[in-house]
Amino acid sequence: MKNDTNSDSSKPKKRRRDEEIEAESSSSDQENLTFSDTLVALRIMRAQFPHIDKVSIRPFILQSQLYSSVNDRTQVDRELESLRRERVLRVFKLNTGQDDHAIMFLDDYLNQIECVVKRMEEKKQVNLEVFEWFQTHVLDSKLEPSVGHEELCSLLSIVGKVKDEHISLLINAGILTRQLIDPDMYWFAIPNIGSVLKGLSQGRKEIISFLNRRKYKEMMLALLEKKHLRFSPLDMRFHLRDLIGSGHLKTIHTPTGLVVQISKD
Amino acid sequence: MWKEIGGREAGQIRPNSFANRVKSHRLSTLQLSNYKEIVSPHKGSINSLQVDLTEERYLLSGASDSSVAVYDVQRATDYEGGGHIAKHRSVFVVDKQHEHGHKYAISSAIWYPVDTGLFVTGSYDHYVKVWDTNCTRVVMNFKMPGKVYRTAMSPLAASHMLIAAGTEDVQVRLCDIASGAISQTLSGHRDGIMTVEWSTSSEWILVTGGCDGAIRFWDIRRAGCFRVLDQSQSQLGRRPPLLKRKVSISKSLSAGQNSSVKPRAPQKKSANGNGVRQSSVGRIPAKGSVRQRLHPGMLSSQDRATAHYGAVTGLKVTENGMYLLSAGSDSRIRLWDVESGRNTLVNFETVRLQTSKPIQLATTQDPAVVFVPCMTAVKAFDIWSGKTCLTFRGHYEYVNCCCFSSQDQELYTGGNDRQILVWCPSRHISDGVDAGPMQDQDNWSD
């Protein structure tokens, strides 16, 4: 189910990951010679991340977007796992619905934390050394998306005495969030991402309700791409990739092009 | 087909591979049967289906209107449509009117693994009943503290006759038919238990999945569970690489929560419930001395690892005993390697799965295909790549259970629409019977 007619990288979602894409990115990335398909897809989607005005946020990719761009889902999962183990990227669990995960390259994530720390310094917060400890000890050894309270404290206290105020500071900064089901476990989170996530769920609802209102619950992809979303700061292409990858929409090949349809389960 | 038979005759194809080829060819042509139908007498949604393990002849179904029925799937009771459609009516039905029948919905009905003389039912009225099939009488009654979600008996058991019952209570109970009492309770889960399955490689190993998202492995000869599956511990591939075992990421350092260390507990018969009390004490951030007061078998109750982000709604151990499939209310299906306890990261393309009821999965014998009820359809996935091979749409409402008979390559599915549908390999209609317009005719031919 791939449309491999155009080589323009800003066109349709599902494309065959072949040599031409690898050639594109290998020219920009000399040091890394081995490409997995997933890494190529991640880099391209990171470059295509929409620019949002009011919030300063580094690019992230949703896991469902990867599923729609690479053919084999098991391969995506396994490659993500190996990239995670090599500390190239981190996976975060989002609270916008079942099984939503966001993937961010590690340097982007560290940059994001830096911005947050800078803003806190301007407000003259104390105890800011906990962010240092967090970056050096916790991020390096804990590669999973969640961490337990005792483990967190033991990792942070390698350097210095950790108090409850330090943990509250981490939660206030948005780097950790409590799990709703378990009071002793925390999720790692991307700071300043709240408004974007709200836009994400609203945008999803808007697209699904728009297609549901149509007579046959479908629309040409070329026309749908041009629509502007009212409730989401993220662009249409981001949302379409996400919805196709999570299975809510499906694409059908027709003689006139790709058609996007609500999938009935 | 004839070429293959010729090859088998000449000795070019081995008997096993010939049988497997025929079976997989038949499997790929599965569709809603047009020559076989099961007439379901149930007036409520069908929650459990099982074909008996000895002859694969009798199908047992349990429904939400407290009725249990048995059907003979090999011999039809009558024929319709000029002799083409075989109708299988129930051999007998037990319902609420029965003096010792269940009062509320039956969530699980299973055959006694040795023969079809007994069957066991578990219901939302807190009872597990053992029935004699020939007289349809209740032989034994076990009272549970909560709604029973699943019951299971080991197909390999030679030295015990235990029924494992998973209820909304946090403890798994093992009921003994030989003595008539509840002989063991297994503690460790932190919420109700939706699924229980016995291992297909050892008669002592039980796998349970809970509403807290954890999957635990229990050896019933000793206290506590010896493994808790963690979805973040994964291996890339069907089996872990031979040399790199120690290097792969394991759970961290000092916290003392080991999921893969078998506690060296002496072989005690029963585990009592006081371990559950002590685990709430052990939750205080940690000194090792507090934890050491726990029985070594109960250390696993502090392991919070989850296999799914939600409740575990379905479990299936493959027949070779090497892999475990689990379905969760986070709409993910995961394939676990039983030996290493790791997630093999196979991605099954499911969009939504039912979350409120336990679902029953089915696999083929050499595990090649797994059948999963996904909302109103049943999907068949290739077990190693996770791709959808076949989709069976026929039910009008959610499908709860499916059962695959490997002898005949038939799939039986039951759902909330009170129907049991049969999916068979397609058969040529031209067995000497006129079936309507033939190939080179159309509707206007005379």
# chains A, B, ... in the order shown; residues from 1 in each chain; ligands from 1
>>> residues_around(residues="Thr254 of chain A", least_positions_apart="4", cutoff="10 Å", atoms="only C-alpha atoms", output="PyMOL selection string")
chain A and resi 220+258-259
>>> closest_atom_pairs(of="chain B", to="chain A", cutoff="6 Å", atoms="only C-alpha atoms", output="CSV")
residue,atom,partner,partner_atom,distance
B:Leu236,CA,A:Arg78,CA,5.8
B:Pro285,CA,A:Glu150,CA,5.8
B:Asp330,CA,A:Gln98,CA,5.7
B:Val346,CA,A:Thr74,CA,4.9
B:Asn347,CA,A:Thr74,CA,4.7
B:Val351,CA,A:Gly247,CA,5.7
>>> write_last_selection(atoms="C-alpha atoms", output="PDB file, in the first residue's frame")
ATOM      1  CA  LEU B 236      14.764  -8.458  19.245  1.00  0.00           C
ATOM      2  CA  PRO B 285      11.038   3.784  50.792  1.00  0.00           C
ATOM      3  CA  ASP B 330      -4.629  -1.006  25.804  1.00  0.00           C
ATOM      4  CA  VAL B 346       6.071  -8.327  17.401  1.00  0.00           C
ATOM      5  CA  ASN B 347       3.509  -5.687  16.523  1.00  0.00           C
ATOM      6  CA  VAL B 351      -6.894  -0.979  16.390  1.00  0.00           C
TER       7      VAL B 351
END
>>> residues_around(residues="Glu206 of chain A", least_positions_apart="3", cutoff="12 Å", atoms="only C-alpha atoms", output="PyMOL selection string")
chain A and resi 199-203+209-213+227-232+236+239-240+243
>>> residues_around(residues="segment 402-412 of chain B", least_positions_apart="6", cutoff="9 Å", atoms="only C-alpha atoms", output="MDAnalysis selection string")
chainID B and resid 23:24 26:27 30 48:51 55:56 59 359:365 371:373 378 420:425
>>> closest_residue(among="B:Gln97, B:Ser300, B:Ser90, B:Ser64", to="Asp125 of chain B", atoms="only C-alpha atoms")
B:Ser64
>>> residues_around(residues="Val126 of chain A", least_positions_apart="5", cutoff="12 Å", atoms="only C-alpha atoms", output="PDB file with N, CA and C atoms, in the first residue's frame")
ATOM      1  N   VAL A 117      15.106  25.041  32.265  1.00  0.00           N
ATOM      2  CA  VAL A 117      15.978  25.428  33.385  1.00  0.00           C
ATOM      3  C   VAL A 117      16.276  26.914  33.309  1.00  0.00           C
ATOM      4  N   MET A 120      13.451  28.893  34.570  1.00  0.00           N
ATOM      5  CA  MET A 120      13.339  28.839  36.028  1.00  0.00           C
ATOM      6  C   MET A 120      14.410  29.690  36.685  1.00  0.00           C
ATOM      7  N   GLU A 121      15.569  29.763  36.047  1.00  0.00           N
ATOM      8  CA  GLU A 121      16.629  30.604  36.624  1.00  0.00           C
ATOM      9  C   GLU A 121      16.223  32.053  36.619  1.00  0.00           C
ATOM     10  N   PHE A 131      18.406  19.438  38.266  1.00  0.00           N
ATOM     11  CA  PHE A 131      18.295  19.163  36.835  1.00  0.00           C
ATOM     12  C   PHE A 131      19.580  18.575  36.298  1.00  0.00           C
ATOM     13  N   GLU A 165      11.707  18.584  47.941  1.00  0.00           N
ATOM     14  CA  GLU A 165      11.568  19.805  47.132  1.00  0.00           C
ATOM     15  C   GLU A 165      12.175  19.599  45.760  1.00  0.00           C
ATOM     16  N   HIS A 166      13.222  18.787  45.707  1.00  0.00           N
ATOM     17  CA  HIS A 166      13.838  18.539  44.405  1.00  0.00           C
ATOM     18  C   HIS A 166      12.877  17.824  43.484  1.00  0.00           C
ATOM     19  N   SER A 168       9.643  17.790  43.716  1.00  0.00           N
ATOM     20  CA  SER A 168       8.538  18.691  43.343  1.00  0.00           C
ATOM     21  C   SER A 168       8.972  19.634  42.244  1.00  0.00           C
ATOM     22  N   LEU A 169      10.225  20.027  42.281  1.00  0.00           N
ATOM     23  CA  LEU A 169      10.717  20.919  41.238  1.00  0.00           C
ATOM     24  C   LEU A 169      10.711  20.225  39.886  1.00  0.00           C
TER      25      LEU A 169
END
